[in-house]
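A quick write-up on the structure given underneath.
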Amino acid sequence: EAGVVQSPRYKIIEKKQPVAFWCNPISGHNTLYWYLQNLGQGPELLIRYENEEAVDDSQLPKDRFSAERLKGVDSTLKIQPAELGDSAVYLCASSLGGIRSNEQFFGPGTRLTVL
Amino acid sequence: DQQVKQNSPSLSVQEGRISILNCDYTNSMFDYFLWYKKYPAEGPTFLISISSIKDKNEDGRFTVFLNKSAKHLSLHIVPSQPGDSAVYFCAASGGNTPLVFGKGTRLSVIA
């Protein structure tokens, strides 16, 4: 069974440029998460989707970050414009939902460097 | 305000000995706890979990202990193997709170 797929794995951009990350969750997983992981820190939730609905986006900086999950499968996370402080690893995870929501499966992440 | 704390950034253990990783939490609403393991350039992978109705859960070489009164949990790895060298994250959830992660503990198992 394929795991969570993310692309690109690495991205280097200059500040003020836009950037987008893509995630394909495990087949059948209704719940999808985007996390931010700074160096030396644990993952921090940005947004959670149940199918195509964003049910928790309270930690998403909506002035520059946006996300979508069309058709309830793949998802994209966008930053526009990027700032130096956005340099981090962006992780996507998925889970079955319901009482199994806590057992999340993570992708390898996208390491973003903003110069 | 850290709700999940892993106070030891790193731990070194000899191969074959026991590794004990600790985690403290502050939110009384947390009722489900997990440990994730992370290798470099990979995402975290689920290792073991425990519900607040239990005080111990065992899976092979890995055992998680939960002390609700102390708001403390620990992960025991016996015996430790070089392949266990990784960063271990403690995570907790409960009520309407989504999964909250600690900062991680880097375990090095020395052959």
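Labels used: A, B, ... for chains in the order of the structure tokens, numbers from 1 for residues in each chain, and numbers from 1 for ligands as shown.
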>> Which residues are close to region 38-50 of chain A, i.e. within 8 Å by only C-alpha atoms, leaving aside same-chain residues fewer than 2 positions away? Reply as an NGL selection string.
In response: (:A and (30-36 or 52-60 or 69 or 72 or 87-89 or 91 or 97)) or (:B and (89 or 98-104))
Quick check: residues of chain B within 12 Å of chain A, only C-alpha atoms, returned as an mmCIF file with all heavy atoms, in the first residue's frame.
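To be explicit, this is the file written out as part-v5.cif:
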data_model
loop_
_atom_site.group_PDB
_atom_site.id
_atom_site.type_symbol
_atom_site.label_atom_id
_atom_site.label_comp_id
_atom_site.auth_asym_id
_atom_site.auth_seq_id
_atom_site.Cartn_x
_atom_site.Cartn_y
_atom_site.Cartn_z
ATOM 1 N N GLN B 2 3.576 25.297 26.297
ATOM 2 C CA GLN B 2 3.713 23.946 25.779
ATOM 3 C C GLN B 2 2.810 23.004 26.547
ATOM 4 O O GLN B 2 2.961 22.846 27.755
ATOM 5 C CB GLN B 2 5.159 23.489 25.929
ATOM 6 C CG GLN B 2 5.990 23.667 24.683
ATOM 7 C CD GLN B 2 7.279 22.899 24.830
ATOM 8 O OE1 GLN B 2 8.122 23.243 25.630
ATOM 9 N NE2 GLN B 2 7.406 21.842 24.071
ATOM 10 N N GLN B 3 1.910 22.345 25.850
ATOM 11 C CA GLN B 3 1.025 21.397 26.509
ATOM 12 C C GLN B 3 1.647 20.016 26.616
ATOM 13 O O GLN B 3 1.224 19.218 27.452
ATOM 14 C CB GLN B 3 -0.288 21.299 25.723
ATOM 15 C CG GLN B 3 -1.067 22.618 25.666
ATOM 16 C CD GLN B 3 -2.414 22.415 25.023
ATOM 17 O OE1 GLN B 3 -3.304 21.813 25.600
ATOM 18 N NE2 GLN B 3 -2.566 22.927 23.807
ATOM 19 N N VAL B 4 2.597 19.721 25.747
ATOM 20 C CA VAL B 4 3.297 18.435 25.760
ATOM 21 C C VAL B 4 4.787 18.734 25.811
ATOM 22 O O VAL B 4 5.312 19.413 24.929
ATOM 23 C CB VAL B 4 2.951 17.590 24.518
ATOM 24 C CG1 VAL B 4 3.731 16.287 24.522
ATOM 25 C CG2 VAL B 4 1.451 17.310 24.466
ATOM 26 N N LYS B 5 5.439 18.227 26.831
ATOM 27 C CA LYS B 5 6.845 18.564 27.039
ATOM 28 C C LYS B 5 7.722 17.324 27.049
ATOM 29 O O LYS B 5 7.443 16.368 27.760
ATOM 30 C CB LYS B 5 7.014 19.298 28.371
ATOM 31 C CG LYS B 5 6.236 20.584 28.488
ATOM 32 C CD LYS B 5 6.412 21.223 29.851
ATOM 33 C CE LYS B 5 5.541 22.471 29.975
ATOM 34 N NZ LYS B 5 5.674 23.097 31.309
ATOM 35 N N GLN B 6 8.769 17.374 26.265
ATOM 36 C CA GLN B 6 9.806 16.361 26.307
ATOM 37 C C GLN B 6 11.069 17.085 26.721
ATOM 38 O O GLN B 6 11.673 17.790 25.920
ATOM 39 C CB GLN B 6 9.967 15.691 24.939
ATOM 40 C CG GLN B 6 8.753 14.874 24.531
ATOM 41 C CD GLN B 6 8.894 14.262 23.156
ATOM 42 O OE1 GLN B 6 8.330 14.755 22.188
ATOM 43 N NE2 GLN B 6 9.653 13.180 23.073
ATOM 44 N N PRO B 9 16.320 16.691 25.301
ATOM 45 C CA PRO B 9 16.488 16.810 23.852
ATOM 46 C C PRO B 9 17.189 15.606 23.248
ATOM 47 O O PRO B 9 16.977 15.288 22.074
ATOM 48 C CB PRO B 9 17.355 18.060 23.683
ATOM 49 C CG PRO B 9 17.303 18.764 24.986
ATOM 50 C CD PRO B 9 17.041 17.726 26.031
ATOM 51 N N SER B 10 18.035 14.945 24.055
ATOM 52 C CA SER B 10 18.773 13.814 23.504
ATOM 53 C C SER B 10 19.038 12.776 24.593
ATOM 54 O O SER B 10 19.013 13.072 25.787
ATOM 55 C CB SER B 10 20.095 14.286 22.887
ATOM 56 O OG SER B 10 20.910 14.865 23.869
ATOM 57 N N PHE B 30 -6.549 15.760 27.779
ATOM 58 C CA PHE B 30 -5.887 14.750 26.940
ATOM 59 C C PHE B 30 -6.271 13.359 27.421
ATOM 60 O O PHE B 30 -6.179 13.053 28.615
ATOM 61 C CB PHE B 30 -4.373 14.904 26.986
ATOM 62 C CG PHE B 30 -3.842 16.096 26.239
ATOM 63 C CD1 PHE B 30 -2.664 16.698 26.654
ATOM 64 C CD2 PHE B 30 -4.481 16.594 25.122
ATOM 65 C CE1 PHE B 30 -2.149 17.795 25.970
ATOM 66 C CE2 PHE B 30 -3.980 17.679 24.435
ATOM 67 C CZ PHE B 30 -2.818 18.288 24.869
ATOM 68 N N ASP B 31 -6.715 12.512 26.494
ATOM 69 C CA ASP B 31 -7.086 11.154 26.879
ATOM 70 C C ASP B 31 -6.519 10.091 25.939
ATOM 71 O O ASP B 31 -6.857 8.904 26.047
ATOM 72 C CB ASP B 31 -8.611 11.009 26.969
ATOM 73 C CG ASP B 31 -9.297 11.338 25.647
ATOM 74 O OD1 ASP B 31 -8.604 11.560 24.633
ATOM 75 O OD2 ASP B 31 -10.547 11.384 25.638
ATOM 76 N N TYR B 32 -5.686 10.511 25.020
ATOM 77 C CA TYR B 32 -5.076 9.554 24.095
ATOM 78 C C TYR B 32 -3.678 10.038 23.791
ATOM 79 O O TYR B 32 -3.477 11.216 23.475
ATOM 80 C CB TYR B 32 -5.911 9.451 22.817
ATOM 81 C CG TYR B 32 -5.610 8.226 21.992
ATOM 82 C CD1 TYR B 32 -6.054 6.974 22.383
ATOM 83 C CD2 TYR B 32 -4.882 8.325 20.805
ATOM 84 C CE1 TYR B 32 -5.784 5.846 21.630
ATOM 85 C CE2 TYR B 32 -4.614 7.208 20.052
ATOM 86 C CZ TYR B 32 -5.065 5.967 20.471
ATOM 87 O OH TYR B 32 -4.799 4.852 19.724
ATOM 88 N N PHE B 33 -2.717 9.121 23.895
ATOM 89 C CA PHE B 33 -1.317 9.498 23.796
ATOM 90 C C PHE B 33 -0.606 8.577 22.802
ATOM 91 O O PHE B 33 -0.890 7.376 22.742
ATOM 92 C CB PHE B 33 -0.642 9.404 25.163
ATOM 93 C CG PHE B 33 -1.373 10.200 26.217
ATOM 94 C CD1 PHE B 33 -2.407 9.629 26.944
ATOM 95 C CD2 PHE B 33 -1.036 11.531 26.463
ATOM 96 C CE1 PHE B 33 -3.100 10.362 27.894
ATOM 97 C CE2 PHE B 33 -1.723 12.263 27.409
ATOM 98 C CZ PHE B 33 -2.758 11.688 28.118
ATOM 99 N N LEU B 34 0.283 9.157 22.037
ATOM 100 C CA LEU B 34 0.964 8.393 21.005
ATOM 101 C C LEU B 34 2.452 8.714 21.027
ATOM 102 O O LEU B 34 2.869 9.794 21.448
ATOM 103 C CB LEU B 34 0.426 8.753 19.611
ATOM 104 C CG LEU B 34 -1.071 8.643 19.368
ATOM 105 C CD1 LEU B 34 -1.769 9.958 19.674
ATOM 106 C CD2 LEU B 34 -1.345 8.255 17.919
ATOM 107 N N TRP B 35 3.233 7.780 20.533
ATOM 108 C CA TRP B 35 4.649 8.016 20.268
ATOM 109 C C TRP B 35 4.889 7.815 18.775
ATOM 110 O O TRP B 35 4.414 6.839 18.175
ATOM 111 C CB TRP B 35 5.535 7.053 21.058
ATOM 112 C CG TRP B 35 5.619 7.382 22.504
ATOM 113 C CD1 TRP B 35 4.851 6.900 23.516
ATOM 114 C CD2 TRP B 35 6.557 8.285 23.120
ATOM 115 N NE1 TRP B 35 5.234 7.444 24.718
ATOM 116 C CE2 TRP B 35 6.287 8.289 24.511
ATOM 117 C CE3 TRP B 35 7.615 9.079 22.646
ATOM 118 C CZ2 TRP B 35 7.019 9.057 25.418
ATOM 119 C CZ3 TRP B 35 8.329 9.839 23.545
ATOM 120 C CH2 TRP B 35 8.030 9.832 24.923
ATOM 121 N N TYR B 36 5.621 8.760 18.208
ATOM 122 C CA TYR B 36 6.027 8.683 16.815
ATOM 123 C C TYR B 36 7.544 8.652 16.765
ATOM 124 O O TYR B 36 8.220 9.249 17.592
ATOM 125 C CB TYR B 36 5.525 9.902 16.024
ATOM 126 C CG TYR B 36 4.082 9.822 15.601
ATOM 127 C CD1 TYR B 36 3.059 10.150 16.467
ATOM 128 C CD2 TYR B 36 3.745 9.423 14.308
ATOM 129 C CE1 TYR B 36 1.732 10.078 16.072
ATOM 130 C CE2 TYR B 36 2.423 9.355 13.900
ATOM 131 C CZ TYR B 36 1.431 9.681 14.786
ATOM 132 O OH TYR B 36 0.120 9.603 14.395
ATOM 133 N N LYS B 37 8.042 8.001 15.743
ATOM 134 C CA LYS B 37 9.475 7.870 15.520
ATOM 135 C C LYS B 37 9.805 8.530 14.191
ATOM 136 O O LYS B 37 9.054 8.380 13.211
ATOM 137 C CB LYS B 37 9.809 6.379 15.474
ATOM 138 C CG LYS B 37 11.217 6.002 15.149
ATOM 139 C CD LYS B 37 11.301 4.462 15.162
ATOM 140 C CE LYS B 37 12.672 3.969 14.866
ATOM 141 N NZ LYS B 37 12.719 2.480 14.907
ATOM 142 N N LYS B 38 10.906 9.277 14.147
ATOM 143 C CA LYS B 38 11.242 9.979 12.917
ATOM 144 C C LYS B 38 12.717 9.802 12.572
ATOM 145 O O LYS B 38 13.596 10.149 13.371
ATOM 146 C CB LYS B 38 10.915 11.474 13.047
ATOM 147 C CG LYS B 38 11.145 12.236 11.754
ATOM 148 C CD LYS B 38 10.862 13.714 11.924
ATOM 149 C CE LYS B 38 11.031 14.467 10.607
ATOM 150 N NZ LYS B 38 12.319 14.279 9.968
ATOM 151 N N TYR B 39 12.950 9.294 11.359
ATOM 152 C CA TYR B 39 14.297 9.227 10.813
ATOM 153 C C TYR B 39 14.546 10.484 9.981
ATOM 154 O O TYR B 39 13.592 11.130 9.502
ATOM 155 C CB TYR B 39 14.468 7.997 9.923
ATOM 156 C CG TYR B 39 14.432 6.684 10.655
ATOM 157 C CD1 TYR B 39 13.444 5.734 10.381
ATOM 158 C CD2 TYR B 39 15.391 6.367 11.615
ATOM 159 C CE1 TYR B 39 13.413 4.515 11.031
ATOM 160 C CE2 TYR B 39 15.365 5.150 12.278
ATOM 161 C CZ TYR B 39 14.365 4.229 11.979
ATOM 162 O OH TYR B 39 14.335 3.030 12.632
ATOM 163 N N PRO B 40 15.811 10.857 9.769
ATOM 164 C CA PRO B 40 16.128 12.038 8.959
ATOM 165 C C PRO B 40 15.522 11.961 7.569
ATOM 166 O O PRO B 40 15.500 10.891 6.951
ATOM 167 C CB PRO B 40 17.660 12.020 8.906
ATOM 168 C CG PRO B 40 18.075 11.269 10.124
ATOM 169 C CD PRO B 40 17.024 10.228 10.333
ATOM 170 N N ALA B 41 15.006 13.071 7.092
ATOM 171 C CA ALA B 41 14.429 13.207 5.744
ATOM 172 C C ALA B 41 13.195 12.337 5.533
ATOM 173 O O ALA B 41 12.791 12.092 4.385
ATOM 174 C CB ALA B 41 15.472 12.918 4.662
ATOM 175 N N GLU B 42 12.593 11.859 6.619
ATOM 176 C CA GLU B 42 11.348 11.117 6.513
ATOM 177 C C GLU B 42 10.308 11.754 7.420
ATOM 178 O O GLU B 42 10.642 12.486 8.356
ATOM 179 C CB GLU B 42 11.543 9.648 6.909
ATOM 180 C CG GLU B 42 12.448 8.870 5.985
ATOM 181 C CD GLU B 42 12.531 7.408 6.395
ATOM 182 O OE1 GLU B 42 11.722 6.968 7.224
ATOM 183 O OE2 GLU B 42 13.418 6.714 5.878
ATOM 184 N N GLY B 43 9.033 11.449 7.155
ATOM 185 C CA GLY B 43 8.001 11.919 8.061
ATOM 186 C C GLY B 43 7.940 11.045 9.301
ATOM 187 O O GLY B 43 8.453 9.924 9.303
ATOM 188 N N PRO B 44 7.305 11.532 10.374
ATOM 189 C CA PRO B 44 7.140 10.709 11.579
ATOM 190 C C PRO B 44 6.306 9.465 11.266
ATOM 191 O O PRO B 44 5.384 9.514 10.451
ATOM 192 C CB PRO B 44 6.387 11.635 12.536
ATOM 193 C CG PRO B 44 6.622 13.020 12.026
ATOM 194 C CD PRO B 44 6.730 12.879 10.542
ATOM 195 N N THR B 45 6.646 8.353 11.906
ATOM 196 C CA THR B 45 5.855 7.131 11.761
ATOM 197 C C THR B 45 5.305 6.724 13.120
ATOM 198 O O THR B 45 6.007 6.794 14.136
ATOM 199 C CB THR B 45 6.686 5.977 11.177
ATOM 200 O OG1 THR B 45 7.836 5.775 11.996
ATOM 201 C CG2 THR B 45 7.123 6.279 9.771
ATOM 202 N N PHE B 46 4.048 6.312 13.126
ATOM 203 C CA PHE B 46 3.376 5.909 14.347
ATOM 204 C C PHE B 46 4.071 4.691 14.947
ATOM 205 O O PHE B 46 4.400 3.732 14.241
ATOM 206 C CB PHE B 46 1.919 5.598 14.054
ATOM 207 C CG PHE B 46 1.183 4.946 15.185
ATOM 208 C CD1 PHE B 46 0.819 5.682 16.299
ATOM 209 C CD2 PHE B 46 0.875 3.597 15.140
ATOM 210 C CE1 PHE B 46 0.156 5.080 17.349
ATOM 211 C CE2 PHE B 46 0.220 2.982 16.180
ATOM 212 C CZ PHE B 46 -0.150 3.728 17.291
ATOM 213 N N LEU B 47 4.282 4.733 16.260
ATOM 214 C CA LEU B 47 4.980 3.651 16.940
ATOM 215 C C LEU B 47 4.049 2.889 17.876
ATOM 216 O O LEU B 47 3.857 1.688 17.757
ATOM 217 C CB LEU B 47 6.160 4.224 17.708
ATOM 218 C CG LEU B 47 7.155 3.267 18.342
ATOM 219 C CD1 LEU B 47 7.793 2.383 17.285
ATOM 220 C CD2 LEU B 47 8.230 4.060 19.090
ATOM 221 N N ILE B 48 3.463 3.587 18.825
ATOM 222 C CA ILE B 48 2.630 2.944 19.821
ATOM 223 C C ILE B 48 1.749 3.998 20.458
ATOM 224 O O ILE B 48 2.096 5.180 20.464
ATOM 225 C CB ILE B 48 3.492 2.219 20.886
ATOM 226 C CG1 ILE B 48 2.642 1.305 21.770
ATOM 227 C CG2 ILE B 48 4.294 3.224 21.725
ATOM 228 C CD1 ILE B 48 3.485 0.389 22.667
ATOM 229 N N SER B 49 0.600 3.582 20.984
ATOM 230 C CA SER B 49 -0.317 4.536 21.606
ATOM 231 C C SER B 49 -0.887 3.950 22.889
ATOM 232 O O SER B 49 -0.747 2.754 23.167
ATOM 233 C CB SER B 49 -1.456 4.892 20.649
ATOM 234 O OG SER B 49 -2.249 3.742 20.363
ATOM 235 N N ILE B 50 -1.540 4.817 23.664
ATOM 236 C CA ILE B 50 -2.195 4.368 24.878
ATOM 237 C C ILE B 50 -3.379 5.275 25.163
ATOM 238 O O ILE B 50 -3.298 6.503 25.009
ATOM 239 C CB ILE B 50 -1.216 4.323 26.073
ATOM 240 C CG1 ILE B 50 -1.889 3.676 27.289
ATOM 241 C CG2 ILE B 50 -0.697 5.721 26.427
ATOM 242 C CD1 ILE B 50 -0.911 3.313 28.398
ATOM 243 N N SER B 51 -4.481 4.664 25.559
ATOM 244 C CA SER B 51 -5.662 5.411 25.967
ATOM 245 C C SER B 51 -5.576 5.679 27.460
ATOM 246 O O SER B 51 -4.936 4.934 28.201
ATOM 247 C CB SER B 51 -6.913 4.590 25.655
ATOM 248 O OG SER B 51 -8.031 5.107 26.337
ATOM 249 N N VAL B 87 14.574 10.325 16.156
ATOM 250 C CA VAL B 87 13.917 11.307 17.037
ATOM 251 C C VAL B 87 12.546 10.756 17.389
ATOM 252 O O VAL B 87 11.800 10.317 16.503
ATOM 253 C CB VAL B 87 13.794 12.680 16.363
ATOM 254 C CG1 VAL B 87 13.036 13.649 17.278
ATOM 255 C CG2 VAL B 87 15.164 13.233 16.015
ATOM 256 N N TYR B 88 12.216 10.763 18.662
ATOM 257 C CA TYR B 88 10.943 10.246 19.137
ATOM 258 C C TYR B 88 10.076 11.416 19.617
ATOM 259 O O TYR B 88 10.498 12.201 20.454
ATOM 260 C CB TYR B 88 11.154 9.246 20.275
ATOM 261 C CG TYR B 88 11.756 7.954 19.776
ATOM 262 C CD1 TYR B 88 13.124 7.871 19.501
ATOM 263 C CD2 TYR B 88 10.967 6.834 19.548
ATOM 264 C CE1 TYR B 88 13.683 6.697 19.012
ATOM 265 C CE2 TYR B 88 11.521 5.660 19.072
ATOM 266 C CZ TYR B 88 12.872 5.601 18.802
ATOM 267 O OH TYR B 88 13.423 4.438 18.312
ATOM 268 N N PHE B 89 8.858 11.478 19.073
ATOM 269 C CA PHE B 89 7.918 12.520 19.455
ATOM 270 C C PHE B 89 6.795 11.921 20.274
ATOM 271 O O PHE B 89 6.198 10.903 19.898
ATOM 272 C CB PHE B 89 7.315 13.195 18.215
ATOM 273 C CG PHE B 89 8.278 14.037 17.438
ATOM 274 C CD1 PHE B 89 8.886 13.542 16.300
ATOM 275 C CD2 PHE B 89 8.575 15.324 17.856
ATOM 276 C CE1 PHE B 89 9.781 14.319 15.576
ATOM 277 C CE2 PHE B 89 9.471 16.106 17.135
ATOM 278 C CZ PHE B 89 10.074 15.597 16.005
ATOM 279 N N CYS B 90 6.480 12.565 21.368
ATOM 280 C CA CYS B 90 5.310 12.260 22.168
ATOM 281 C C CYS B 90 4.183 13.159 21.657
ATOM 282 O O CYS B 90 4.421 14.324 21.311
ATOM 283 C CB CYS B 90 5.631 12.561 23.623
ATOM 284 S SG CYS B 90 4.247 12.448 24.758
ATOM 285 N N ALA B 91 2.960 12.622 21.574
ATOM 286 C CA ALA B 91 1.827 13.421 21.113
ATOM 287 C C ALA B 91 0.605 13.076 21.948
ATOM 288 O O ALA B 91 0.488 11.950 22.461
ATOM 289 C CB ALA B 91 1.558 13.173 19.630
ATOM 290 N N ALA B 92 -0.297 14.032 22.079
ATOM 291 C CA ALA B 92 -1.482 13.825 22.901
ATOM 292 C C ALA B 92 -2.680 14.504 22.270
ATOM 293 O O ALA B 92 -2.542 15.502 21.564
ATOM 294 C CB ALA B 92 -1.249 14.375 24.310
ATOM 295 N N SER B 93 -3.856 13.951 22.537
ATOM 296 C CA SER B 93 -5.094 14.558 22.046
ATOM 297 C C SER B 93 -6.221 14.287 23.040
ATOM 298 O O SER B 93 -6.106 13.433 23.915
ATOM 299 C CB SER B 93 -5.471 14.023 20.676
ATOM 300 O OG SER B 93 -5.912 12.684 20.770
ATOM 301 N N GLY B 94 -7.307 15.051 22.888
ATOM 302 C CA GLY B 94 -8.453 14.841 23.752
ATOM 303 C C GLY B 94 -9.452 15.946 23.594
ATOM 304 O O GLY B 94 -9.083 17.061 23.216
ATOM 305 N N GLY B 95 -10.709 15.668 23.862
ATOM 306 C CA GLY B 95 -11.745 16.674 23.708
ATOM 307 C C GLY B 95 -11.731 17.220 22.295
ATOM 308 O O GLY B 95 -11.706 16.472 21.324
ATOM 309 N N ASN B 96 -11.722 18.530 22.181
ATOM 310 C CA ASN B 96 -11.671 19.165 20.866
ATOM 311 C C ASN B 96 -10.259 19.542 20.456
ATOM 312 O O ASN B 96 -10.062 20.219 19.441
ATOM 313 C CB ASN B 96 -12.547 20.420 20.846
ATOM 314 C CG ASN B 96 -14.017 20.071 20.953
ATOM 315 O OD1 ASN B 96 -14.471 19.083 20.393
ATOM 316 N ND2 ASN B 96 -14.754 20.888 21.683
ATOM 317 N N THR B 97 -9.294 19.130 21.259
ATOM 318 C CA THR B 97 -7.904 19.480 20.963
ATOM 319 C C THR B 97 -7.326 18.499 19.967
ATOM 320 O O THR B 97 -7.328 17.297 20.218
ATOM 321 C CB THR B 97 -7.054 19.464 22.246
ATOM 322 O OG1 THR B 97 -7.654 20.323 23.200
ATOM 323 C CG2 THR B 97 -5.634 19.922 21.962
ATOM 324 N N PRO B 98 -6.828 18.999 18.841
ATOM 325 C CA PRO B 98 -6.178 18.090 17.900
ATOM 326 C C PRO B 98 -4.860 17.595 18.463
ATOM 327 O O PRO B 98 -4.441 18.009 19.535
ATOM 328 C CB PRO B 98 -5.959 18.969 16.658
ATOM 329 C CG PRO B 98 -5.859 20.354 17.196
ATOM 330 C CD PRO B 98 -6.785 20.393 18.391
ATOM 331 N N LEU B 99 -4.211 16.732 17.737
ATOM 332 C CA LEU B 99 -2.961 16.129 18.182
ATOM 333 C C LEU B 99 -1.920 17.221 18.438
ATOM 334 O O LEU B 99 -1.666 18.071 17.581
ATOM 335 C CB LEU B 99 -2.470 15.161 17.110
ATOM 336 C CG LEU B 99 -1.630 13.971 17.529
ATOM 337 C CD1 LEU B 99 -2.327 13.163 18.606
ATOM 338 C CD2 LEU B 99 -1.328 13.098 16.324
ATOM 339 N N VAL B 100 -1.344 17.193 19.651
ATOM 340 C CA VAL B 100 -0.304 18.153 20.033
ATOM 341 C C VAL B 100 0.979 17.373 20.251
ATOM 342 O O VAL B 100 1.000 16.394 20.997
ATOM 343 C CB VAL B 100 -0.685 18.909 21.325
ATOM 344 C CG1 VAL B 100 0.437 19.873 21.720
ATOM 345 C CG2 VAL B 100 -1.989 19.668 21.133
ATOM 346 N N PHE B 101 2.039 17.826 19.619
ATOM 347 C CA PHE B 101 3.321 17.126 19.687
ATOM 348 C C PHE B 101 4.284 17.824 20.634
ATOM 349 O O PHE B 101 4.267 19.052 20.767
ATOM 350 C CB PHE B 101 3.972 17.074 18.301
ATOM 351 C CG PHE B 101 3.324 16.122 17.342
ATOM 352 C CD1 PHE B 101 2.186 16.502 16.632
ATOM 353 C CD2 PHE B 101 3.851 14.851 17.131
ATOM 354 C CE1 PHE B 101 1.586 15.635 15.743
ATOM 355 C CE2 PHE B 101 3.253 13.981 16.238
ATOM 356 C CZ PHE B 101 2.116 14.370 15.545
ATOM 357 N N GLY B 102 5.158 17.016 21.258
ATOM 358 C CA GLY B 102 6.292 17.571 21.975
ATOM 359 C C GLY B 102 7.407 17.920 21.000
ATOM 360 O O GLY B 102 7.273 17.717 19.789
ATOM 361 N N LYS B 103 8.518 18.425 21.533
ATOM 362 C CA LYS B 103 9.623 18.851 20.673
ATOM 363 C C LYS B 103 10.498 17.699 20.213
ATOM 364 O O LYS B 103 11.337 17.871 19.334
ATOM 365 C CB LYS B 103 10.492 19.871 21.420
ATOM 366 C CG LYS B 103 9.816 21.214 21.645
ATOM 367 C CD LYS B 103 10.798 22.211 22.238
ATOM 368 C CE LYS B 103 10.147 23.575 22.379
ATOM 369 N NZ LYS B 103 11.095 24.587 22.905
ATOM 370 N N GLY B 104 10.335 16.555 20.831
ATOM 371 C CA GLY B 104 11.101 15.389 20.415
ATOM 372 C C GLY B 104 12.328 15.130 21.268
ATOM 373 O O GLY B 104 12.895 16.048 21.879
ATOM 374 N N THR B 105 12.746 13.870 21.314
ATOM 375 C CA THR B 105 13.979 13.444 21.971
ATOM 376 C C THR B 105 14.777 12.626 20.967
ATOM 377 O O THR B 105 14.253 11.667 20.387
ATOM 378 C CB THR B 105 13.700 12.582 23.214
ATOM 379 O OG1 THR B 105 13.016 13.359 24.194
ATOM 380 C CG2 THR B 105 15.009 12.045 23.801
ATOM 381 N N ARG B 106 16.020 13.016 20.761
ATOM 382 C CA ARG B 106 16.881 12.280 19.823
ATOM 383 C C ARG B 106 17.553 11.137 20.570
ATOM 384 O O ARG B 106 18.333 11.367 21.504
ATOM 385 C CB ARG B 106 17.928 13.200 19.223
ATOM 386 C CG ARG B 106 18.837 12.496 18.189
ATOM 387 C CD ARG B 106 19.820 13.481 17.580
ATOM 388 N NE ARG B 106 19.142 14.575 16.912
ATOM 389 C CZ ARG B 106 18.659 14.518 15.689
ATOM 390 N NH1 ARG B 106 18.786 13.407 14.969
ATOM 391 N NH2 ARG B 106 18.069 15.567 15.149
#
>> If we count only C-alpha atoms and set the cut-off at 10 Å, which residues sit around Gly85 (chain A), ignoring sequence neighbours fewer than 5 positions away in its own chain? Please answer as a list in words.
In response: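 What passes the distance filter is Lys15, Asn38, Thr113, Val114 and Leu115 of chain A.
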>> Give me, as a PyMOL selection string, the residues of region 6-114 of chain A that a backbone DSSP run labels strand (DSSP E or B).
In response: chain A and resi 6-7+10-13+19-24+31-37+44-50+53-56+65-68+75-79+88-95+105-106+110-114
Write a file of the just-selected residues containing C-alpha atoms, as a CSV table (one decimal), in the first residue's frame.
chain,number,residue,atom,x,y,z
A,6,GLN,CA,4.3,14.8,-1.1
A,7,SER,CA,5.9,16.9,-3.7
A,10,TYR,CA,12.7,20.4,-1.5
A,11,LYS,CA,12.0,23.9,-2.6
A,12,ILE,CA,14.2,27.0,-2.5
A,13,ILE,CA,12.6,30.4,-3.3
A,19,VAL,CA,5.1,28.5,-3.5
A,20,ALA,CA,2.8,25.5,-3.5
A,21,PHE,CA,3.0,22.1,-2.0
A,22,TRP,CA,1.0,19.0,-3.1
A,23,CYS,CA,-0.1,16.0,-1.1
A,24,ASN,CA,-1.8,12.7,-2.0
A,31,THR,CA,-9.0,13.0,7.0
A,32,LEU,CA,-6.0,15.1,5.8
A,33,TYR,CA,-3.7,17.3,7.8
A,34,TRP,CA,-1.1,19.9,7.0
A,35,TYR,CA,1.6,20.5,9.6
A,36,LEU,CA,4.5,22.9,10.0
A,37,GLN,CA,7.7,21.7,11.6
A,44,GLU,CA,2.2,21.9,14.5
A,45,LEU,CA,-1.2,21.6,12.9
A,46,LEU,CA,-2.0,24.2,10.2
A,47,ILE,CA,-5.3,22.8,8.9
A,48,ARG,CA,-7.4,19.6,9.0
A,49,TYR,CA,-9.8,18.4,6.4
A,50,GLU,CA,-12.6,15.9,6.7
A,53,GLU,CA,-14.3,20.4,4.2
A,54,ALA,CA,-11.7,22.3,6.3
A,55,VAL,CA,-12.9,21.6,9.8
A,56,ASP,CA,-10.0,23.2,11.7
A,65,PHE,CA,-1.5,30.8,3.5
A,66,SER,CA,-4.3,29.0,1.7
A,67,ALA,CA,-5.2,25.4,1.2
A,68,GLU,CA,-7.7,23.3,-0.8
A,75,SER,CA,-4.6,18.7,-1.3
A,76,THR,CA,-2.5,21.7,-2.0
A,77,LEU,CA,-1.0,24.2,0.4
A,78,LYS,CA,0.0,27.6,-0.9
A,79,ILE,CA,2.0,30.5,0.5
A,88,ALA,CA,10.5,25.0,7.6
A,89,VAL,CA,9.3,21.4,6.7
A,90,TYR,CA,5.7,21.2,5.7
A,91,LEU,CA,4.2,17.8,6.5
A,92,CYS,CA,1.1,16.2,5.2
A,93,ALA,CA,-0.6,13.4,7.0
A,94,SER,CA,-3.8,11.4,6.6
A,95,SER,CA,-6.0,9.1,8.8
A,105,PHE,CA,0.3,8.6,8.6
A,106,PHE,CA,2.8,11.2,7.6
A,110,THR,CA,8.6,19.3,1.8
A,111,ARG,CA,11.6,21.3,3.1
A,112,LEU,CA,11.1,24.9,2.2
A,113,THR,CA,14.0,27.4,2.2
A,114,VAL,CA,13.1,31.1,1.7
>> Please report the interatomic distance between CA of Asp74 (chain A) and CA of Gly3 (chain A) in Å with one decimal.
In response: 13.0 Å
> By how many Å are CA of Ser80 (chain B) and CA of Gly16 (chain B) apart?
Replying inline: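 It comes out at 5.0 Å.
The residue that comes closest to Asn27 (chain B), out of B:His76, B:Arg61, B:Lys68, B:Lys54 and on the basis of only C-alpha atoms, is B:Lys68.
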>> List the spatial neighbours of Lys56 (chain B) as a list in words - criterion: any atom at most 8 Å away, only C-alpha atoms, same-chain residues fewer than 5 positions off excluded.
In response: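 Everything that qualifies: Ile50, Thr63, Val64, Phe65 and Leu66 of chain B.
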